[in-house]
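Reading through the structure tokens given below for one structure.
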Amino acid sequence: MSINPRQTTESRQAEIIATMVRLSAERSPAEITTTDIAKAMGVTQGALFRHFATKEAIRLAVVEWIDEHLMFELLAAKERSTDALAALKAMFMAHVGFAKAHPGAPRLIFGELQQPASSPVKQRVQQIMQRYRQTLSQTLAAAIEAKLIRADADCAAAAALFLGAIQGLVIQSMLSGHTEQMEQQAVGVLDLYLAALGVKS
């Protein structure tokens, strides 16, 4: 039986992406070289470049993977929810769950945003964050309309605080080296966030 070359390439690309994400959980993504990736996979550096032309192409593919999988989790959580307030809660916990399952992903995002120079990868991350904020703002607006949160809530500021709260949880877990308690801590942080929006516990 013949092997589909496209399928083989996509499978290898997925393996490279997964390896980059895994390594990023252990060290600074900026320090990870293509040699490191190849060594972790047990292949030659040349084998990587048969599937990605440059290291930047790998980084961009990783960012696209994060976007696809994180947004899938967020939108699935939103669609399962009975109303906009439930959607905010579900999206918050879905994002925390994703960060716990893939600790290298937020480190990659933070690393790209910290780069002083603009690049296609950084621009793509910024686009993802903007789309995320828009989704949150729309959900918050729907919650206001349904009178589920305070009517004077600033949707843009509330969306920024939503992301900031998650980022704070992730940074604390990175500093401690432990992600096990992140979801438990997230419940308390989410309660405080919702209280600021006028939600009674």
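Each chain in the structure tokens gets a letter, A, B and so on, in the order shown; residues start at 1 in every chain, and ligands are counted from 1 in the order they appear.
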Counting only C-alpha atoms, give me one row per residue of region 17-90 of chain A with an atom at most 10 Å from an atom of region 109-112 of chain A, showing the shortest contact pair and its distance in Å to one decimal, sorted by chain then residue number, as CSV.
```
residue,atom,partner,partner_atom,distance
A:Ser24,CA,A:Gly111,CA,9.8
A:Ser28,CA,A:Gly111,CA,7.7
A:Pro29,CA,A:Gly111,CA,6.7
A:Ala30,CA,A:Gly111,CA,6.9
A:Arg59,CA,A:Glu112,CA,9.2
A:Val62,CA,A:Ile109,CA,9.7
A:Val63,CA,A:Ile109,CA,7.5
A:Ile66,CA,A:Ile109,CA,8.8
```
Please identify the helix (DSSP H, G or I) residues within region 3-200 of chain A (assignment by DSSP from backbone atoms) and present them as a VMD selection string. chain A and resid 5 to 24 29 to 31 34 to 41 45 to 49 55 to 80 84 to 101 104 to 113 120 to 145 155 to 176 182 to 196
Which residues come within 8 Å of Val199 (chain A), counting only C-alpha atoms, excluding same-chain residues fewer than 5 positions away, as a list in words? Leu148, Ile149, Arg150 and Leu194 of chain A
Show which residues sit within 12 Å of Leu140 (chain A), as a count of residues only. Count only C-alpha atoms, and ignore same-chain residues fewer than 2 positions away. 38
What does the structure give for the distance between CA of Leu113 (chain A) and CA of Gln126 (chain A), in Å to one decimal? 7.6 Å
Would you kindly return, as a ChimeraX atom specification, each protein, DNA or RNA residue with an atom no farther than 10 Å from any atom of region 14-23 of chain A, considering only C-alpha atoms and excluding same-chain residues fewer than 4 positions away? /A:8-10,27-29,32-34,36-38,40-41,48,51-52,58-66,102-108
Selected residue of minimal separation from Ala57 (chain A) among A:Val96, A:Val189, A:Ala101, A:Val121, counting only C-alpha atoms: A:Val121
Surrounding residues of Leu169 (chain A) excluding itself and chain neighbours under 4 positions, 9 Å, only C-alpha atoms, as a PyMOL selection string: chain A and resi 96+164-165+173-174+182-183+185-186+189
Store the residues of this selection in a file with N, CA, C and O atoms, as a PDB file, in the first residue's frame.
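Final output, saved to out_12.pdb:
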```pdb
ATOM      1  N   VAL A  96      -8.186  28.470  31.013  1.00  0.00           N
ATOM      2  CA  VAL A  96      -7.300  27.996  32.079  1.00  0.00           C
ATOM      3  C   VAL A  96      -6.976  26.516  31.884  1.00  0.00           C
ATOM      4  O   VAL A  96      -5.827  26.091  32.047  1.00  0.00           O
ATOM      5  N   GLY A 164      -6.283  39.510  31.403  1.00  0.00           N
ATOM      6  CA  GLY A 164      -5.244  39.791  32.382  1.00  0.00           C
ATOM      7  C   GLY A 164      -5.305  38.842  33.566  1.00  0.00           C
ATOM      8  O   GLY A 164      -4.268  38.427  34.103  1.00  0.00           O
ATOM      9  N   ALA A 165      -6.521  38.498  33.982  1.00  0.00           N
ATOM     10  CA  ALA A 165      -6.681  37.572  35.109  1.00  0.00           C
ATOM     11  C   ALA A 165      -6.117  36.198  34.759  1.00  0.00           C
ATOM     12  O   ALA A 165      -5.426  35.569  35.564  1.00  0.00           O
ATOM     13  N   SER A 173       1.741  30.297  37.881  1.00  0.00           N
ATOM     14  CA  SER A 173       2.040  28.865  37.750  1.00  0.00           C
ATOM     15  C   SER A 173       3.417  28.656  37.135  1.00  0.00           C
ATOM     16  O   SER A 173       4.139  27.720  37.492  1.00  0.00           O
ATOM     17  N   MET A 174       3.822  29.560  36.226  1.00  0.00           N
ATOM     18  CA  MET A 174       5.147  29.471  35.622  1.00  0.00           C
ATOM     19  C   MET A 174       6.227  29.741  36.664  1.00  0.00           C
ATOM     20  O   MET A 174       7.265  29.066  36.708  1.00  0.00           O
ATOM     21  N   MET A 182      -3.842  25.440  39.369  1.00  0.00           N
ATOM     22  CA  MET A 182      -4.265  26.607  38.604  1.00  0.00           C
ATOM     23  C   MET A 182      -5.781  26.678  38.439  1.00  0.00           C
ATOM     24  O   MET A 182      -6.390  27.736  38.583  1.00  0.00           O
ATOM     25  N   GLU A 183      -6.425  25.556  38.149  1.00  0.00           N
ATOM     26  CA  GLU A 183      -7.870  25.555  37.969  1.00  0.00           C
ATOM     27  C   GLU A 183      -8.595  25.879  39.270  1.00  0.00           C
ATOM     28  O   GLU A 183      -9.595  26.610  39.269  1.00  0.00           O
ATOM     29  N   GLN A 185      -7.398  27.719  41.752  1.00  0.00           N
ATOM     30  CA  GLN A 185      -7.200  29.146  41.990  1.00  0.00           C
ATOM     31  C   GLN A 185      -8.053  29.981  41.042  1.00  0.00           C
ATOM     32  O   GLN A 185      -8.537  31.057  41.402  1.00  0.00           O
ATOM     33  N   ALA A 186      -8.257  29.454  39.834  1.00  0.00           N
ATOM     34  CA  ALA A 186      -9.036  30.189  38.834  1.00  0.00           C
ATOM     35  C   ALA A 186     -10.473  30.417  39.278  1.00  0.00           C
ATOM     36  O   ALA A 186     -11.079  31.446  38.949  1.00  0.00           O
ATOM     37  N   VAL A 189     -10.511  33.523  41.434  1.00  0.00           N
ATOM     38  CA  VAL A 189     -10.254  34.712  40.611  1.00  0.00           C
ATOM     39  C   VAL A 189     -11.481  35.040  39.762  1.00  0.00           C
ATOM     40  O   VAL A 189     -11.871  36.209  39.629  1.00  0.00           O
TER      41      VAL A 189
END
```
